[in-house]
>>> print(open('upload.txt').read())   # compact mmCIF, N, CA and C atoms
# COMPACT_ATOMS: atom_id res chain seq x y z
N MET L 1 2.71 -12.68 5.71
CA MET L 1 2.35 -11.34 5.26
C MET L 1 2.77 -10.35 6.34
N SER L 2 3.39 -9.26 5.92
CA SER L 2 3.82 -8.25 6.89
C SER L 2 2.62 -7.41 7.35
N LEU L 3 2.82 -6.69 8.42
CA LEU L 3 1.76 -5.82 8.92
C LEU L 3 1.41 -4.77 7.87
N GLU L 4 2.42 -4.23 7.22
CA GLU L 4 2.18 -3.22 6.19
C GLU L 4 1.33 -3.78 5.04
N GLU L 5 1.64 -4.99 4.61
CA GLU L 5 0.87 -5.61 3.53
C GLU L 5 -0.57 -5.86 3.96
N LEU L 6 -0.75 -6.29 5.20
CA LEU L 6 -2.11 -6.52 5.71
C LEU L 6 -2.90 -5.21 5.78
N LEU L 7 -2.24 -4.15 6.23
CA LEU L 7 -2.92 -2.86 6.32
C LEU L 7 -3.34 -2.35 4.95
N VAL L 8 -2.45 -2.46 3.98
CA VAL L 8 -2.77 -1.99 2.63
C VAL L 8 -3.89 -2.83 2.02
N SER L 9 -3.80 -4.13 2.16
CA SER L 9 -4.82 -5.01 1.60
C SER L 9 -6.18 -4.78 2.26
N THR L 10 -6.18 -4.67 3.58
CA THR L 10 -7.43 -4.44 4.31
C THR L 10 -8.02 -3.08 3.93
N ALA L 11 -7.17 -2.05 3.87
CA ALA L 11 -7.65 -0.72 3.52
C ALA L 11 -8.26 -0.71 2.12
N ASP L 12 -7.63 -1.40 1.19
CA ASP L 12 -8.15 -1.47 -0.18
C ASP L 12 -9.53 -2.10 -0.21
N LYS L 13 -9.70 -3.19 0.52
CA LYS L 13 -11.00 -3.88 0.54
C LYS L 13 -12.07 -3.02 1.21
N VAL L 14 -11.75 -2.49 2.38
CA VAL L 14 -12.74 -1.76 3.18
C VAL L 14 -13.13 -0.45 2.48
N TRP L 15 -12.16 0.18 1.81
CA TRP L 15 -12.46 1.42 1.09
C TRP L 15 -13.56 1.18 0.06
N LYS L 16 -13.59 -0.05 -0.47
CA LYS L 16 -14.60 -0.43 -1.45
C LYS L 16 -15.85 -1.03 -0.80
N GLY L 17 -15.89 -1.07 0.53
CA GLY L 17 -17.06 -1.58 1.24
C GLY L 17 -17.06 -3.07 1.46
N LYS L 18 -15.93 -3.74 1.22
CA LYS L 18 -15.86 -5.19 1.40
C LYS L 18 -15.15 -5.51 2.71
N ARG L 19 -15.66 -6.49 3.41
CA ARG L 19 -15.05 -6.96 4.65
C ARG L 19 -14.62 -8.40 4.42
N VAL L 20 -13.34 -8.68 4.64
CA VAL L 20 -12.77 -10.00 4.44
C VAL L 20 -12.32 -10.52 5.80
N THR L 21 -13.10 -11.42 6.37
CA THR L 21 -12.87 -11.90 7.73
C THR L 21 -11.47 -12.48 7.94
N GLY L 22 -11.02 -13.33 7.04
CA GLY L 22 -9.71 -13.95 7.20
C GLY L 22 -8.59 -12.92 7.23
N LEU L 23 -8.69 -11.93 6.37
CA LEU L 23 -7.70 -10.86 6.31
C LEU L 23 -7.73 -10.04 7.60
N GLU L 24 -8.92 -9.71 8.05
CA GLU L 24 -9.06 -8.94 9.28
C GLU L 24 -8.56 -9.73 10.50
N ASP L 25 -8.78 -11.03 10.51
CA ASP L 25 -8.28 -11.87 11.60
C ASP L 25 -6.75 -11.82 11.67
N LEU L 26 -6.09 -11.88 10.52
CA LEU L 26 -4.63 -11.78 10.49
C LEU L 26 -4.17 -10.42 11.01
N LEU L 27 -4.88 -9.38 10.63
CA LEU L 27 -4.54 -8.04 11.09
C LEU L 27 -4.73 -7.92 12.60
N ILE L 28 -5.80 -8.48 13.12
CA ILE L 28 -6.04 -8.46 14.57
C ILE L 28 -4.92 -9.18 15.30
N ASP L 29 -4.47 -10.30 14.78
CA ASP L 29 -3.36 -11.02 15.41
C ASP L 29 -2.12 -10.13 15.51
N HIS L 30 -1.81 -9.41 14.44
CA HIS L 30 -0.67 -8.48 14.47
C HIS L 30 -0.89 -7.38 15.50
N LEU L 31 -2.10 -6.84 15.53
CA LEU L 31 -2.39 -5.75 16.46
C LEU L 31 -2.26 -6.19 17.91
N VAL L 32 -2.73 -7.38 18.20
CA VAL L 32 -2.64 -7.89 19.58
C VAL L 32 -1.18 -8.06 19.98
N ARG L 33 -0.37 -8.57 19.07
CA ARG L 33 1.06 -8.74 19.38
C ARG L 33 1.75 -7.40 19.60
N ALA L 34 1.29 -6.36 18.94
CA ALA L 34 1.90 -5.03 19.06
C ALA L 34 1.29 -4.21 20.19
N SER L 35 0.26 -4.71 20.83
CA SER L 35 -0.44 -3.99 21.89
C SER L 35 0.24 -4.22 23.23
N PRO L 36 -0.10 -3.39 24.22
CA PRO L 36 0.46 -3.59 25.56
C PRO L 36 0.09 -4.98 26.09
N PRO L 37 0.95 -5.54 26.91
CA PRO L 37 0.65 -6.86 27.50
C PRO L 37 -0.72 -6.85 28.19
N GLY L 38 -1.42 -7.94 28.05
CA GLY L 38 -2.74 -8.06 28.68
C GLY L 38 -3.88 -7.65 27.77
N THR L 39 -3.58 -7.09 26.60
CA THR L 39 -4.64 -6.71 25.67
C THR L 39 -5.28 -7.98 25.13
N GLU L 40 -6.57 -8.06 25.27
CA GLU L 40 -7.31 -9.24 24.82
C GLU L 40 -7.64 -9.12 23.32
N ARG L 41 -7.72 -10.26 22.68
CA ARG L 41 -8.02 -10.28 21.25
C ARG L 41 -9.37 -9.64 20.96
N TRP L 42 -10.34 -9.89 21.80
CA TRP L 42 -11.67 -9.33 21.56
C TRP L 42 -11.64 -7.80 21.63
N GLU L 43 -10.75 -7.23 22.46
CA GLU L 43 -10.64 -5.77 22.54
C GLU L 43 -10.12 -5.20 21.22
N ALA L 44 -9.08 -5.84 20.68
CA ALA L 44 -8.53 -5.41 19.40
C ALA L 44 -9.57 -5.58 18.30
N TYR L 45 -10.32 -6.68 18.36
CA TYR L 45 -11.37 -6.93 17.37
C TYR L 45 -12.42 -5.81 17.40
N LEU L 46 -12.89 -5.47 18.59
CA LEU L 46 -13.93 -4.44 18.69
C LEU L 46 -13.45 -3.09 18.17
N ASP L 47 -12.21 -2.73 18.51
CA ASP L 47 -11.67 -1.45 18.05
C ASP L 47 -11.53 -1.44 16.54
N LEU L 48 -10.96 -2.51 15.98
CA LEU L 48 -10.77 -2.58 14.53
C LEU L 48 -12.11 -2.66 13.81
N ASP L 49 -13.02 -3.46 14.30
CA ASP L 49 -14.33 -3.62 13.67
C ASP L 49 -15.07 -2.29 13.61
N SER L 50 -15.01 -1.54 14.68
CA SER L 50 -15.68 -0.24 14.73
C SER L 50 -15.09 0.72 13.69
N LEU L 51 -13.77 0.75 13.61
CA LEU L 51 -13.10 1.61 12.65
C LEU L 51 -13.41 1.20 11.21
N LEU L 52 -13.29 -0.09 10.92
CA LEU L 52 -13.53 -0.57 9.57
C LEU L 52 -14.98 -0.39 9.15
N ALA L 53 -15.90 -0.56 10.07
CA ALA L 53 -17.32 -0.37 9.76
C ALA L 53 -17.60 1.07 9.36
N ARG L 54 -16.99 2.03 10.07
CA ARG L 54 -17.19 3.44 9.73
C ARG L 54 -16.63 3.74 8.34
N ILE L 55 -15.48 3.17 8.02
CA ILE L 55 -14.89 3.40 6.70
C ILE L 55 -15.74 2.75 5.62
N ALA L 56 -16.14 1.51 5.82
CA ALA L 56 -16.92 0.78 4.82
C ALA L 56 -18.28 1.44 4.57
N ASP L 57 -18.85 2.06 5.59
CA ASP L 57 -20.16 2.68 5.43
C ASP L 57 -20.18 3.78 4.36
N GLY L 58 -19.04 4.42 4.13
CA GLY L 58 -19.00 5.49 3.13
C GLY L 58 -18.61 5.01 1.74
N ALA L 59 -18.49 3.71 1.56
CA ALA L 59 -17.98 3.17 0.29
C ALA L 59 -18.87 3.49 -0.90
N ASP L 60 -20.17 3.39 -0.75
CA ASP L 60 -21.05 3.62 -1.90
C ASP L 60 -20.87 5.02 -2.47
N GLY L 61 -20.78 6.00 -1.59
CA GLY L 61 -20.58 7.38 -2.05
C GLY L 61 -19.24 7.58 -2.72
N ARG L 62 -18.19 7.00 -2.14
CA ARG L 62 -16.86 7.11 -2.73
C ARG L 62 -16.81 6.47 -4.11
N LEU L 63 -17.38 5.26 -4.20
CA LEU L 63 -17.34 4.55 -5.48
C LEU L 63 -18.20 5.25 -6.54
N ALA L 64 -19.32 5.83 -6.14
CA ALA L 64 -20.16 6.58 -7.08
C ALA L 64 -19.43 7.82 -7.58
N PHE L 65 -18.75 8.52 -6.69
CA PHE L 65 -17.98 9.69 -7.07
C PHE L 65 -16.88 9.29 -8.05
N GLN L 66 -16.17 8.22 -7.73
CA GLN L 66 -15.09 7.75 -8.58
C GLN L 66 -15.62 7.35 -9.96
N ALA L 67 -16.75 6.68 -10.01
CA ALA L 67 -17.33 6.25 -11.28
C ALA L 67 -17.78 7.44 -12.13
N ALA L 68 -18.16 8.52 -11.47
CA ALA L 68 -18.61 9.72 -12.18
C ALA L 68 -17.45 10.50 -12.78
N HIS L 69 -16.23 10.17 -12.39
CA HIS L 69 -15.04 10.88 -12.88
C HIS L 69 -14.01 9.88 -13.40
N PRO L 70 -14.34 9.22 -14.51
CA PRO L 70 -13.41 8.21 -15.02
C PRO L 70 -12.11 8.84 -15.54
N VAL L 71 -11.09 8.06 -15.50
CA VAL L 71 -9.80 8.49 -16.02
C VAL L 71 -9.72 8.08 -17.48
N HIS L 72 -9.40 9.02 -18.33
CA HIS L 72 -9.27 8.74 -19.75
C HIS L 72 -7.79 8.77 -20.10
N VAL L 73 -7.30 7.71 -20.66
CA VAL L 73 -5.90 7.63 -21.03
C VAL L 73 -5.77 7.85 -22.52
N ARG L 74 -4.94 8.80 -22.88
CA ARG L 74 -4.71 9.08 -24.30
C ARG L 74 -3.59 8.19 -24.79
N ARG L 75 -3.82 7.63 -25.93
CA ARG L 75 -2.79 6.78 -26.55
C ARG L 75 -1.82 7.66 -27.34
N ALA L 76 -0.58 7.28 -27.28
CA ALA L 76 0.44 8.02 -28.03
C ALA L 76 0.19 7.86 -29.52
N ALA L 77 0.44 8.90 -30.26
CA ALA L 77 0.21 8.86 -31.71
C ALA L 77 1.32 8.13 -32.43
>>> encode(input="upload.txt", output="structure tokens")
Amino acid sequence: MSLEELLVSTADKVWKGKRVTGLEDLLIDHLVRASPPGTERWEAYLDLDSLLARIADGADGRLAFQAAHPVHVRRAA
């Protein structure tokens, strides 16, 4: 899985308030490889975990707002 695919998949899950450990672990591995030499895995984990937790915390409000504004698709006549 590419970094872009991991980011999109992780963002989709976290936006909905779900945390998927295996997916996040793969993302952390990519981040560590892209980080300056000497960056420890636990450092990348803490940074990512903090960011994802803040995003996931707002999921209930986002999902409630989305549910209150459903998309109605008109069928062609």
>>> closest_residue(input="upload.txt", among="L:Leu51, L:His72, L:Ser35, L:Glu24", to="Thr10 in chain L", atoms="all atoms listed in the file")
L:Glu24
>>> atom_distance(input="upload.txt", atom1="CA of Arg62 in chain L", atom2="CA of Arg19 in chain L")
16.0 Å
>>> closest_residue(input="upload.txt", among="L:Arg33, L:His69, L:Lys18, L:Arg41", to="Ala53 in chain L", atoms="only C-alpha atoms")
L:Lys18
>>> atom_distance(input="upload.txt", atom1="atom C of Ala34 in chain L", atom2="atom N of Gly58 in chain L")
27.3 Å
>>> atom_distance(input="upload.txt", atom1="CA of Gly22 in chain L", atom2="CA of Leu48 in chain L")
13.6 Å
>>> residues_around(input="upload.txt", residues="Asp60 in chain L", least_positions_apart="6", cutoff="8 Å", atoms="all atoms listed in the file", output="short mmCIF file (atom, residue, chain, number, x, y, z; two decimals) with N, CA and C atoms, in the coordinates of the input")
data_model
loop_
_atom_site.label_atom_id
_atom_site.label_comp_id
_atom_site.auth_asym_id
_atom_site.auth_seq_id
_atom_site.Cartn_x
_atom_site.Cartn_y
_atom_site.Cartn_z
N TRP L 15 -12.16 0.18 1.81
CA TRP L 15 -12.46 1.42 1.09
C TRP L 15 -13.56 1.18 0.06
N LYS L 16 -13.59 -0.05 -0.47
CA LYS L 16 -14.60 -0.43 -1.45
C LYS L 16 -15.85 -1.03 -0.80
N GLY L 17 -15.89 -1.07 0.53
CA GLY L 17 -17.06 -1.58 1.24
C GLY L 17 -17.06 -3.07 1.46
N GLN L 66 -16.17 8.22 -7.73
CA GLN L 66 -15.09 7.75 -8.58
C GLN L 66 -15.62 7.35 -9.96
#
>>> closest_residue(input="upload.txt", among="L:Arg54, L:Thr39, L:Lys13, L:Leu3", to="Leu26 in chain L", atoms="only C-alpha atoms")
L:Leu3
>>> residues_around(input="upload.txt", residues="Leu7 in chain L", least_positions_apart="5", cutoff="9 Å", atoms="only C-alpha atoms", output="list in words")
Ser2, Asp12 and Leu27 of chain L
>>> write_last_selection(input="upload.txt", atoms="N, CA and C atoms", output="PDB file, in the coordinates of the input")
ATOM      1  N   SER L   2       3.390  -9.260   5.920  1.00  0.00           N
ATOM      2  CA  SER L   2       3.820  -8.250   6.890  1.00  0.00           C
ATOM      3  C   SER L   2       2.620  -7.410   7.350  1.00  0.00           C
ATOM      4  N   ASP L  12      -7.630  -1.400   1.190  1.00  0.00           N
ATOM      5  CA  ASP L  12      -8.150  -1.470  -0.180  1.00  0.00           C
ATOM      6  C   ASP L  12      -9.530  -2.100  -0.210  1.00  0.00           C
ATOM      7  N   LEU L  27      -4.880  -9.380  10.630  1.00  0.00           N
ATOM      8  CA  LEU L  27      -4.540  -8.040  11.090  1.00  0.00           C
ATOM      9  C   LEU L  27      -4.730  -7.920  12.600  1.00  0.00           C
TER      10      LEU L  27
END
